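These notes concern the structure reproduced below.
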Amino acid sequence: MPLTTAKSTGTTTSTAPAAGVRGAALDLDAVTIKFGDFTAVDSVDVSVRAGEFICLLGPSGCGKSTLISAIAGFEKPANGRIHLEGQEIRGASLDVGMVFQSSEALFDWLTIRQNIEYGPKMRGVAKKERQALADEFLSLVGLAHCADQLPRQLSGGMRQRAQIARVLANEPRVVLMDEPFGALDAQTRQVMQQELDRIWRTSGCTVIFVTHDIDEAIVLADRILVMTAGPEATIKSSYDVDIPRPRDEAGDEAIALHRKLREDIGAEVRKALQGQGLTQEGS
Amino acid sequence: MPLTTAKSTGTTTSTAPAAGVRGAALDLDAVTIKFGDFTAVDSVDVSVRAGEFICLLGPSGCGKSTLISAIAGFEKPANGRIHLEGQEIRGASLDVGMVFQSSEALFDWLTIRQNIEYGPKMRGVAKKERQALADEFLSLVGLAHCADQLPRQLSGGMRQRAQIARVLANEPRVVLMDEPFGALDAQTRQVMQQELDRIWRTSGCTVIFVTHDIDEAIVLADRILVMTAGPEATIKSSYDVDIPRPRDEAGDEAIALHRKLREDIGAEVRKALQGQGLTQEGS
Amino acid sequence: GGSGAGKSGATGASGDPIRIGIGIDAAYAPFFLADKEGMFKDAGLKVNLVQFGRGGDAVQAIAGSQVDMAGNSDTTTLTLLKQNPKLRALFIYEQSGKYLKVVAKPGITKASQIKKMGVVQGLSDYMAQKYFEANKIPLDSVKFVEADPSSLPALTKKGTVDAYLLWEPWPSNGVKLGLKELTDTGSYGYSYVHWAVADSTWLKGHEKEAAKVAEVLTKAAKITAKDPDRAAAAVESEAKIKKADAKQAIELVDWDVRDFTAKDTKSYDEQMKYFVDKGTLKKALDIKPNILTGWYDEHVAKP
Amino acid sequence: MTLAETKPAPARPASDKSRRRGQKPNMTGSLRRGGLFIVSIVLGLVVWQLVASHFGPALVASPSETWQGAADLWADGTLWQSIWASSRRIFIGWALGVVVGAPLGLLMGRITIVREILDPYIEFFRFIPPIAFVTLAIIWFGIGESSKIVLIFYTSVFVVIINTISGAVSTDETKLRAAASLGASKSQILRTIVLPSAIPHIVTGARLAMGNSFLTIVSAEIVAAQEGLGALIWTSRNYGHIDWVFVGIIVLGALGFLFDRVLRVCVRPLRRYGVKV
Amino acid sequence: MTLAETKPAPARPASDKSRRRGQKPNMTGSLRRGGLFIVSIVLGLVVWQLVASHFGPALVASPSETWQGAADLWADGTLWQSIWASSRRIFIGWALGVVVGAPLGLLMGRITIVREILDPYIEFFRFIPPIAFVTLAIIWFGIGESSKIVLIFYTSVFVVIINTISGAVSTDETKLRAAASLGASKSQILRTIVLPSAIPHIVTGARLAMGNSFLTIVSAEIVAAQEGLGALIWTSRNYGHIDWVFVGIIVLGALGFLFDRVLRVCVRPLRRYGVKV
Ligand SMILES: Nc1ncnc2c1ncn2[C@@H]1O[C@H](COP(=O)(O)OP(=O)(O)OP(=O)(O)O)[C@@H](O)[C@H]1O
Ligand SMILES: Nc1ncnc2c1ncn2[C@@H]1O[C@H](COP(=O)(O)OP(=O)(O)OP(=O)(O)O)[C@@H](O)[C@H]1O
Ligand SMILES: [Mg+2]
Ligand SMILES: [Mg+2]
């Protein structure tokens with residue numbers, strides 16, 4: 001089922017998300033992250049170009065969330081440095097937006113609309129503008145019909161979409177997404193992928209996208225990074241995805257890449273599982 | 001990458017999960033569930049045979065979680081009845097175990113091991129036995145190495161696995177699983193699928209499994225139910241999966257079924273998305 | 001309503017109002033009467049009566065410059081002199097040998113039978129010691145149990161203590177519970193006395209006003225003595241004390257405003273000794289500068 | 001309030017909307033509640049009467065004596081005056097306590113340096129009985145209303161502070177992170193994340209502070225109070241007027257009950273912040 | 001305690017283990033805390049001295065006078081006796097309050113019928129000053145320790161109840177459901193889910209109850225107390241012994257501070273339940 005570019009209906013294109021926002025380059029330099037004595041992530045070196053779309057893959061529990069938490073400024077690396085456009089990251093900031101793996105990140109006491117308007121409001125964006133922005137992103141993620149509901153009144157997938165809208169409406173220079181589409185059915189996920197792709201191309205922001213779906217990574221990424229199994233996880237390999245966009249996950253190149261990635265991650269997962277007393281037969 | 005049956009290593013097979021436990025039959029009879037004025041699920045009629053493996057698919061936000069909440073006895077249907085082996089369900093019980101969509105369901109103040117031992121402990125299972133049970137299910141989900149950690153020290157996927165182990169260790173007659181493998185990488189997911197399949201076959205329990213992954217449904221289910229887009233969601237169609245086990249998701253039958261299901265759900269998603277001002281091009 | 005006290009300053013009088021601190025008690029009957037019937041105003045005074053939960057607080061309020069004058073029992077005030085050297089006792093406005101009584105549980109008829117004596121620290125304790133001394137009973141053969149006034153009748157009834165010595169209304173309250181009055185402090189020669197006290201700094205510039213207050217109180221005390229009903233009515237309306245109770249208390253007291261006498265001074269020396277023995281005071285104070293013997297006779301013309 | 005039991009089916013936190021609709025089960029629920037309430041009162045009265053007959057009128061005023069006393073005090077206006085005077089003091093002192101305590105608690109909860117500076121003082125002064133400050137309060141604030149209000153404020157502010165701190169420190173970390181990376185400044189986070197998260201704790205603190213305000217009214221009104229329920233209780237107690245003491249006590253209890261109900265109704269709109277009272 | 005600020009990097013709720021290790025930043029942190037603490041005390045003393053010199057010894061005892069008074073009281077053993085007597089009463093009354101209040105609060109929080117029955121009584125009695133019960137307490141419990149302990153219990157139990165209720169009602173619904181479908185009975189849920197979830201609230205309640213116990217010590221010891229800090233304050237106040245009043249006050253404050261610190265240390269093992277003090 002090949003998909004061409006996506007387009008959102010109606011008014012949204014006219015108030016397209018600030019085309020002027022430029023992505024920012026990221027430099028991870030020997031980043032090590034510890035929880036007490038436990039070294040979750042060890043010596044990660046990555047350079048991300050401004051405007052690049054990176055997908056991060058790896059076995060469950062390897063350290064993907066930990067790594068992007070550090071990039072967001074939430075976790076201080078025990079060693080190494082993270083630079084955003086040459087500036088060391090020392091804490092959370094407007095420049096780096098994060099879609100969390102858990103939808104607890106939504107503010108329970110605010111409606112979905114208010115959640116989305118939160119960032120712009122804090123930045124002092126005028127009410128009219130904020131509303132327009134919220135309307136745009138609400139319909140972008142298909143939640144216009146429950147704009148005035150509270151997060152606890154939504155389903156898991158809907159909450160996750162609300163979180164995505166909230167981060168995108170804030171127009172960060174770097175967008176970090178931690179399995180944002182994990183709770184969505186295949187079709188809704190595709191639509192979301194297309195919208196994300198469009199926004200990324202319009203705004204030129206840098207994206208680091210954690211996912212478990214290899215096809216998703218292939219459709220979206222400029223470059224795919226695979227992490228080793230933890231503890232002391234690091235970047236195992238990096239794949240440049242040169243397939244022209246819009247991409248077809250059923251294309252030959254994509255299938256070949258899929259196979260390679262699957263093999264690559266599979267080896268890591270097996271390593272991890274063996275250490276945990278589990279084996280996978282027949283593979 | 002065809003996969004045969006899975007097998008867990010070491011001692012686990014000897015203390016296999018109580019082979020005596022029999023699944024229970026479920027009867028949903030015109031079940032309607034409302035939140036205030038909002039009708040989430042409308043007149044669902046389903047009969048589930050004892051020991052049947054049902055997969056529930058549907059667009060994001062359609063009402064899957066709501067429906068299985070009602071089966072678990074958490075949500076009282078505004079209309080209709082749910083019977084477990086002829087007994088009306090009036091509240092949560094030992095018979096029906098639930099893996100929640102959100103890992104908040106874990107008890108934060110207990111270690112992973114204590115979480116898994118919780119059910120047996122409440123049932124008065126002796127300490128030795130409980131420990132053996134916990135050891136078995138810990139290694140089943142690959143968490144033996146972090147048995148004594150607290151849930152907040154685990155990654156999203158690991159927490160989800162802990163939840164699965166907790167429910168399975170309790171040996172319920174009906175297992176409800178709400179996107180249990182959503183946060184796992186493809187390979188870990190496969191191992192988990194195989195383990196679930198094995199447990200299901202050994203224990204003969206009834207399973208209702210919510211997922212967004214059509215392949216997963218095909219590999220696991222006896223029968224796949226597709227829900228319509230909400231509000232007033234109901235069962236749109238039901239597919240018996242007659243492919244012999246162990247199944248290969250790349251087999252012809254499987255691919256044909258995949259296509260049908262994709263089309264079926266796709267139509268629902270499109271309906272939902274159109275109502276929300278979103279369209280999907282090219283499909 | 002009894003809220004009039006605070007705003008009773010007479011219109012037309014000149015200068016700052018005189019603030020007089022009093023307890024909420026029938027022992028202050030002349031103050032209430034004078035205030036209620038406008039006697040201060042008639043004397044050209046602007047007076048604010050300020051009620052305190054306890055008379056001791058009223059005197060302490062002088063130290064805090066919250067009031068200019070106050071009334072309180074001699075025993076309590078004596079101990080306050082140490083920290084408040086600027087207190088000046090001007091005159092006595094009441095005394096009574098019948099206001100404090102020994103009340104015992106049934107079956108006890110004389111002091112020697114009392115093994116446990118309920119007292120309240122201070123005045124009551126002092127008078128109880130004098131009671132046993134007067135009956136020639138060694139103090140160490142009696143156990144003194146300190147409690148708060150309102151629970152002593154019940155404790156006696158329950159048998160926790162054999163008797164107690166307290167001021168009104170607690171003796172009558174005990175009688176209502178079935179206890180017996182044994183005697184009053186007058187029977188062994190001790191009186192309950194109230195002082196009028198002033199702030200020495202204030203007094204310097206206000207001798208005349210203080211004298212006028214003394215005159216008004218003299219008049220009011222006479223009326224109180226002659227017409228307890230009238231005084232009790234004033235107490236009821238100003239202090240929310242039931243008229244019957246107020247009247248009963250008023251009738252036990254000699255309402256007579258007067259100067260200090262040699263007998264008074266001797267009693268203060270005795271009390272001082274008591275407090276030193278008890279450890280409340282480290283050493284006896286020289287209270288001569290604080291007690292203005294002769295002030296009343298000098299400033300207030302005998303009618 | 002129907003959320004209490006674990007298993008009855010409609011336990012899932014339903015929408016505000018759905019919970020506000022008065023459906024049939026709620027009707028019978030409130031009927032039962034009303035019935036229980038009346039039973040509670042009647043039972044209380046019976047026990048009271050029994051206690052009173054056991055101890056006699058010198059120690060415990062019976063319901064009817066108390067009623068008579070109340071009628072007398074009502075007739076001459078004292079009761080109403082006392083209620084009004086005390087309510088005013090309690091309300092103002094309490095409100096000040098909440099208004100000062102909540103922001104302080106938020107700051108102390110989230111800003112280490114503020115907590116380290118203020119904590120020793122708070123942990124010292126909150127253990128000192130207000131009676132100890134009566135004299136100082138009078139000297140500083142005079143014998144008028146202010147000194148009484150200050151004493152009430154004193155006993156309510158610490159409760160609000162401690163409860164607010166406990167709310168502020170337990171703010172969900174993920175939400176704090178989310179807000180920070182959405183560009184909220186520290187003070188914005190305090191206002192828009194920590195405050196909303198702490199609201200249930202602040203409400204509990206305010207309810208407890210109301211209790212403490214009532215407990216202090218006697219101490220506060222010992223001084224230079226011509227009117228008020230505390231003064232009524234104190235004077236009547238010193239005069240052995242058990243019936244009036246009981247009038248004061250019962251009225252205080254009932255007034256507190258009433259204040260708390262009003263407070264609960266007032267905080268209903270805060271339900272979306274997780275306030276459940 | 002290092003969790004306070006929103007942004008500094010190690011803000012993520014780290015494991016118990018990691019937080020227990022005394023690393024360098026913690027060392028300087030506790031140094032700074034110690035320094036701040038001393039500064040707080042010195043500052044407090046300076047302000048006190050200024051206030052004292054302003055008002056004079058009749059109203060406010062200066063630090064040195066208080067020190068002298070304390071030395072005198074210490075020398076004759078009164079001070080130590082008073083501290084010991086009051087501490088015992090406070091501790092027992094408070095502990096009873098927690099032990100009775102916490103289970104009651106849990107039951108009231110989760111079982112509608114229990115709440116509906118008890119709520120009116122609690123909402124009535126918690127507003128009545130303990131001084132009103134002094135006489136009754138003496139008659140019922142005698143003039144010994146019991147009556148004092150009962151009065152202290154009285155003011156601490158309600159605080160614990162109210163706070164525990166607020167914890168119990170806010171128990172996470174998903175966890176309750178999970179426990180129920182894992183086969184836990186109502187009473188098991190109460191013990192294994194509601195109680196652990198409410199622990200931070202219970203701890204806050206216990207800390208506040210400790211404060212209330214201290215506030216009541218004067219009322220409790222007015223009665224038949226030959227010794228105790230409340231009695232010391234009360235009698236000294238009656239005799240105008242401002243220096244001893246201040247000794248009592250300062251010792252109460254310091255004692256409260258100490259008790260609270262000890263309590264905080266004792267509840268450290270409860271950190272996994274979300275207790276942050
Ligand atoms: N407590 C609630 N109050 C009001 N509406 C609710 C509540 N819970 C769920 N809903 C609504 O019910 C519908 C179905 O929700 P449900 O969680 O069952 O969806 P779902 O099929 O599980 O979706 P997902 O795949 O995203 O998890 C949604 O529209 C949601 O907004
Ligand atoms: N707060 C913490 N304290 C201790 N260990 C932690 C903490 N957070 C994460 N870890 C550990 O760090 C490792 C990496 O966790 P992380 O959440 O980054 O994994 P992940 O790659 O995101 O996994 P998933 O795909 O399952 O979400 C895990 O082993 C986890 O147990
Ligand atoms: Mg993760
Ligand atoms: Mg769901």
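Labels used: A, B, ... for chains in the order of the structure tokens, numbers from 1 for residues in each chain, and numbers from 1 for ligands as shown.
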
- Task: Do a neighbour search on stretch 66-77 of chain D at 12 Å with only C-alpha atoms, toss out local chain neighbours closer than 4 positions, and write the hits as number ranges by chain.
- Result: C: 1-3, 236-237, 240-242; D: 45, 48-49, 52, 57, 60-62, 81-84, 227-229, 232, 236, 241-251

Residues within 7 Å of ligand 4 (only C-alpha atoms and all ligand atoms), as a CSV table (one decimal) with C-alpha atoms, in the first residue's frame?
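Wrote it out as part30.csv, contents follow:
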```csv
chain,number,residue,atom,x,y,z
A,155,SER,CA,-7.5,7.0,25.0
A,156,GLY,CA,-3.8,6.1,25.2
A,157,GLY,CA,-3.2,6.8,21.5
B,61,GLY,CA,-9.5,5.9,20.4
B,63,GLY,CA,-13.0,1.9,22.6
B,64,LYS,CA,-10.8,-1.2,22.9
B,65,SER,CA,-9.5,-0.3,26.3
B,101,GLN,CA,-2.0,-0.1,28.6
B,178,ASP,CA,-4.0,-4.0,26.3
```

Should the cut-off be 9 Å, what would the residue list for chain E against chain B look like, counting only C-alpha atoms, as a PDB file with C-alpha atoms, in the first residue's frame?
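As a result, iface37.pdb now contains:
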```pdb
ATOM      1  CA  PRO E  13      14.180  10.470  40.664  1.00  0.00           C
ATOM      2  CA  ALA E  14      17.252   8.346  40.875  1.00  0.00           C
ATOM      3  CA  SER E  15      17.441   5.037  42.602  1.00  0.00           C
ATOM      4  CA  ASP E 172      -4.182   5.841  41.811  1.00  0.00           C
ATOM      5  CA  GLU E 173      -7.226   4.221  40.268  1.00  0.00           C
ATOM      6  CA  THR E 174      -5.212   2.014  37.925  1.00  0.00           C
ATOM      7  CA  LYS E 175      -3.322   0.493  40.852  1.00  0.00           C
ATOM      8  CA  LEU E 176      -6.555  -0.204  42.706  1.00  0.00           C
ATOM      9  CA  ARG E 177      -7.927  -1.932  39.661  1.00  0.00           C
ATOM     10  CA  ALA E 178      -4.768  -3.903  39.140  1.00  0.00           C
ATOM     11  CA  ALA E 179      -4.775  -5.110  42.729  1.00  0.00           C
ATOM     12  CA  ALA E 180      -8.437  -6.051  42.595  1.00  0.00           C
ATOM     13  CA  SER E 181      -7.956  -8.105  39.468  1.00  0.00           C
ATOM     14  CA  LEU E 182      -4.879  -9.755  40.925  1.00  0.00           C
ATOM     15  CA  GLY E 183      -7.275 -11.163  43.475  1.00  0.00           C
ATOM     16  CA  ALA E 184      -6.696  -8.860  46.433  1.00  0.00           C
ATOM     17  CA  SER E 185      -9.668  -8.584  48.759  1.00  0.00           C
ATOM     18  CA  GLN E 188      -5.882  -6.563  51.327  1.00  0.00           C
ATOM     19  CA  ILE E 193      -2.287  -0.487  47.983  1.00  0.00           C
ATOM     20  CA  PRO E 196       1.452   2.491  50.760  1.00  0.00           C
ATOM     21  CA  SER E 197      -0.027   5.169  48.517  1.00  0.00           C
ATOM     22  CA  ARG E 271      11.434   6.825  50.621  1.00  0.00           C
ATOM     23  CA  ARG E 272      10.305   4.221  48.136  1.00  0.00           C
ATOM     24  CA  TYR E 273       6.728   5.093  49.037  1.00  0.00           C
ATOM     25  CA  GLY E 274       7.370   8.613  47.846  1.00  0.00           C
TER      26      GLY E 274
END
```

- Compile the contact shell of C:Leu152 as a PyMOL selection string: residues with an atom at most 8 Å away, counting only C-alpha atoms, same-chain residues fewer than 4 positions apart removed. chain C and resi 118-119+147-148+156+164

Next, write the just-selected residues to a file, as a PDB file, in the first residue's frame, keeping all heavy atoms as the atom set.
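Output file again25.pdb follows:
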```
ATOM      1  N   GLY C 118      -6.628  20.103  97.408  1.00  0.00           N
ATOM      2  CA  GLY C 118      -6.610  20.654  96.061  1.00  0.00           C
ATOM      3  C   GLY C 118      -6.417  22.158  96.100  1.00  0.00           C
ATOM      4  O   GLY C 118      -7.133  22.862  96.813  1.00  0.00           O
ATOM      5  N   VAL C 119      -5.413  22.626  95.365  1.00  0.00           N
ATOM      6  CA  VAL C 119      -5.168  24.076  95.338  1.00  0.00           C
ATOM      7  C   VAL C 119      -4.845  24.515  93.921  1.00  0.00           C
ATOM      8  O   VAL C 119      -4.538  23.709  93.048  1.00  0.00           O
ATOM      9  CB  VAL C 119      -3.977  24.462  96.237  1.00  0.00           C
ATOM     10  CG1 VAL C 119      -4.314  24.225  97.696  1.00  0.00           C
ATOM     11  CG2 VAL C 119      -2.727  23.710  95.828  1.00  0.00           C
ATOM     12  N   ALA C 147      -4.347  21.949  90.541  1.00  0.00           N
ATOM     13  CA  ALA C 147      -5.221  21.713  89.393  1.00  0.00           C
ATOM     14  C   ALA C 147      -5.810  23.045  88.973  1.00  0.00           C
ATOM     15  O   ALA C 147      -5.494  24.080  89.570  1.00  0.00           O
ATOM     16  CB  ALA C 147      -6.320  20.732  89.760  1.00  0.00           C
ATOM     17  N   ASP C 148      -6.616  23.037  87.949  1.00  0.00           N
ATOM     18  CA  ASP C 148      -7.234  24.295  87.588  1.00  0.00           C
ATOM     19  C   ASP C 148      -8.573  24.386  88.298  1.00  0.00           C
ATOM     20  O   ASP C 148      -9.167  23.371  88.668  1.00  0.00           O
ATOM     21  CB  ASP C 148      -7.351  24.444  86.073  1.00  0.00           C
ATOM     22  CG  ASP C 148      -8.584  23.799  85.517  1.00  0.00           C
ATOM     23  OD1 ASP C 148      -8.898  22.676  85.966  1.00  0.00           O
ATOM     24  OD2 ASP C 148      -9.225  24.404  84.641  1.00  0.00           O
ATOM     25  N   THR C 156     -12.808  16.650  93.888  1.00  0.00           N
ATOM     26  CA  THR C 156     -13.119  16.414  95.293  1.00  0.00           C
ATOM     27  C   THR C 156     -14.288  15.443  95.415  1.00  0.00           C
ATOM     28  O   THR C 156     -14.284  14.510  96.202  1.00  0.00           O
ATOM     29  CB  THR C 156     -13.462  17.745  95.980  1.00  0.00           C
ATOM     30  OG1 THR C 156     -12.452  18.687  95.654  1.00  0.00           O
ATOM     31  CG2 THR C 156     -13.542  17.574  97.487  1.00  0.00           C
ATOM     32  N   TYR C 164     -10.636  21.350  98.968  1.00  0.00           N
ATOM     33  CA  TYR C 164      -9.915  22.366  98.195  1.00  0.00           C
ATOM     34  C   TYR C 164     -10.201  23.729  98.791  1.00  0.00           C
ATOM     35  O   TYR C 164     -11.180  23.913  99.532  1.00  0.00           O
ATOM     36  CB  TYR C 164     -10.283  22.316  96.719  1.00  0.00           C
ATOM     37  CG  TYR C 164     -11.728  22.616  96.394  1.00  0.00           C
ATOM     38  CD1 TYR C 164     -12.159  23.929  96.166  1.00  0.00           C
ATOM     39  CD2 TYR C 164     -12.664  21.594  96.285  1.00  0.00           C
ATOM     40  CE1 TYR C 164     -13.489  24.195  95.857  1.00  0.00           C
ATOM     41  CE2 TYR C 164     -13.982  21.844  95.975  1.00  0.00           C
ATOM     42  CZ  TYR C 164     -14.393  23.153  95.762  1.00  0.00           C
ATOM     43  OH  TYR C 164     -15.699  23.427  95.462  1.00  0.00           O
TER      44      TYR C 164
END
```

- Query: Out of stretch 10-178 of chain A, which residues get helix (DSSP H, G or I) from DSSP, as a PyMOL selection string?
  - Reply: chain A and resi 10-13+64-71+103-105+112-122+127-140+144-146+151-153+156-169

Once you have the residues from the selection above, write them out as a compact mmCIF listing (two decimals), in the first residue's frame, restricted to C-alpha atoms.
```txt
# COMPACT_ATOMS: atom_id res chain seq x y z
CA GLY A 10 -8.42 23.07 5.03
CA THR A 11 -6.90 26.04 6.68
CA THR A 12 -3.85 24.39 8.09
CA THR A 13 -1.51 24.98 5.22
CA LYS A 64 17.36 5.09 24.13
CA SER A 65 15.13 7.07 26.48
CA THR A 66 18.09 7.77 28.71
CA LEU A 67 20.15 9.11 25.84
CA ILE A 68 17.50 11.47 24.55
CA SER A 69 16.75 12.59 28.11
CA ALA A 70 20.34 13.73 28.26
CA ILE A 71 19.97 15.58 24.98
CA SER A 103 1.70 10.32 28.48
CA GLU A 104 1.95 11.35 32.12
CA ALA A 105 3.82 14.27 30.63
CA ILE A 112 -6.01 19.26 25.40
CA ARG A 113 -6.22 22.71 23.85
CA GLN A 114 -4.65 24.31 26.91
CA ASN A 115 -1.91 21.72 26.88
CA ILE A 116 -1.10 22.59 23.31
CA GLU A 117 -1.23 26.31 24.02
CA TYR A 118 1.02 25.93 27.05
CA GLY A 119 4.36 26.49 25.34
CA PRO A 120 3.25 29.49 23.25
CA LYS A 121 1.54 30.97 26.31
CA MET A 122 4.70 30.74 28.36
CA LYS A 127 -4.09 34.82 22.63
CA LYS A 128 -5.43 34.99 19.07
CA GLU A 129 -2.27 33.56 17.62
CA ARG A 130 -2.12 30.86 20.27
CA GLN A 131 -5.62 29.77 19.44
CA ALA A 132 -4.86 29.60 15.75
CA LEU A 133 -1.77 27.55 16.51
CA ALA A 134 -3.72 25.20 18.76
CA ASP A 135 -6.45 24.77 16.16
CA GLU A 136 -3.89 23.93 13.56
CA PHE A 137 -2.12 21.28 15.61
CA LEU A 138 -5.32 19.87 17.03
CA SER A 139 -6.57 19.06 13.58
CA LEU A 140 -3.10 17.94 12.57
CA ALA A 144 -10.06 18.80 17.13
CA HIS A 145 -13.20 17.06 18.35
CA CYS A 146 -11.87 16.65 21.88
CA PRO A 151 -6.20 14.14 29.17
CA ARG A 152 -7.72 11.47 31.38
CA GLN A 153 -10.78 11.43 29.16
CA GLY A 156 -3.83 6.07 25.22
CA GLY A 157 -3.22 6.77 21.55
CA MET A 158 -5.09 10.04 21.68
CA ARG A 159 -3.02 11.20 24.62
CA GLN A 160 0.13 10.43 22.75
CA ARG A 161 -1.09 12.46 19.79
CA ALA A 162 -1.90 15.34 22.10
CA GLN A 163 1.65 15.26 23.38
CA ILE A 164 3.01 15.37 19.85
CA ALA A 165 0.83 18.35 19.02
CA ARG A 166 2.00 20.15 22.15
CA VAL A 167 5.65 19.79 21.28
CA LEU A 168 5.27 20.67 17.62
CA ALA A 169 3.15 23.72 18.38
```

Contact check, chain D to chain E, at most 6 Å, counting only C-alpha atoms, closest pairs as CSV:
```
residue,atom,partner,partner_atom,distance
D:Ala4,CA,E:Arg110,CA,4.4
D:Glu5,CA,E:Arg110,CA,5.2
D:Arg110,CA,E:Ala4,CA,4.4
D:Ile111,CA,E:Glu5,CA,5.4
D:Thr112,CA,E:Ala4,CA,5.6
D:Glu123,CA,E:Phe257,CA,5.2
D:Phe124,CA,E:Gly253,CA,4.6
D:Phe125,CA,E:Gly253,CA,5.9
D:Phe127,CA,E:Gly211,CA,5.1
D:Ile128,CA,E:Gly253,CA,5.5
D:Pro129,CA,E:Leu215,CA,4.2
D:Gly211,CA,E:Phe127,CA,5.1
D:Phe214,CA,E:Phe127,CA,5.4
D:Leu215,CA,E:Pro129,CA,4.2
D:Gly253,CA,E:Phe124,CA,4.6
D:Gly256,CA,E:Phe127,CA,5.5
D:Phe257,CA,E:Glu123,CA,5.3
```

- Task: Write out as an MDAnalysis selection string every residue belonging to chain C that has an atom at most 10 Å from any atom of chain D, counting only C-alpha atoms.
- Result: chainID C and resid 1:6 21:26 49:54 57:58 60:61 63:67 148:151 153:154 168:170 172:177 237:242 245:246

- Query: Near stretch 29-31 of chain B, within 12 Å and counting only C-alpha atoms, which residues show up once chain neighbours fewer than 4 positions away are dropped, as a VMD selection string?
  - Reply: chain B and resid 39 to 48 66 to 71 75 to 84 86 88 to 89 232 to 235

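Within stretch 46-164 of chain B, residues classed as strand (DSSP E) by DSSP on backbone coordinates are Val46, Ser47, Val48, Phe53, Ile54, Cys55, Leu56, Leu57, Asn79, Gly80, Arg81, Ile82, His83, Leu84, Gln87, Glu88, Val96, Gly97, Met98 and Val99 of chain B.
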
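Among A:Thr32, A:Ser237, A:Thr202, A:Ser60, the residue with the shortest atom-to-atom distance to chain B, counting only C-alpha atoms, is A:Ser60.
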
- Item | Contacts of stretch 180-188 of chain A within 6 Å, only C-alpha atoms, excl. fewer than 3 positions in-chain, as an NGL selection string | (:A and (157 or 177 or 191)) or (:B and (59-60 or 182 or 212))

- If we count only C-alpha atoms, what is near A:Arg49 at a cut-off of 12 Å, once residues fewer than 2 positions away on the same chain are taken out, given as a PyMOL selection string? chain A and resi 22-28+46-47+51-54+83-86+173-174+204-208+222-223

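Residue nearest chain A within the list B:Ala147, B:Ile224, B:Ala254, B:Val269: B:Val269 [criterion: smallest interatomic distance, only C-alpha atoms].
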
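Surrounding stretch 213-219 of chain C within 8 Å are Pro30, Phe31, Ala34, Met39, Phe40, Ala43, Leu45, Tyr93, Asp256, Val257, Tyr296 and Val300 of chain C, with only C-alpha atoms counted and residues fewer than 5 positions along the same chain left out.
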
- Message: One decimal, in Å: what's the spacing between atom CA of C:Lys243 and atom CA of C:Ala29?
- Response: 11.4 Å

- Restricting the calculation to only C-alpha atoms and all ligand atoms, which member of B:Gly142, B:Gly266, B:Gly230, B:Gly124 is positioned closest to ligand 1? B:Gly230
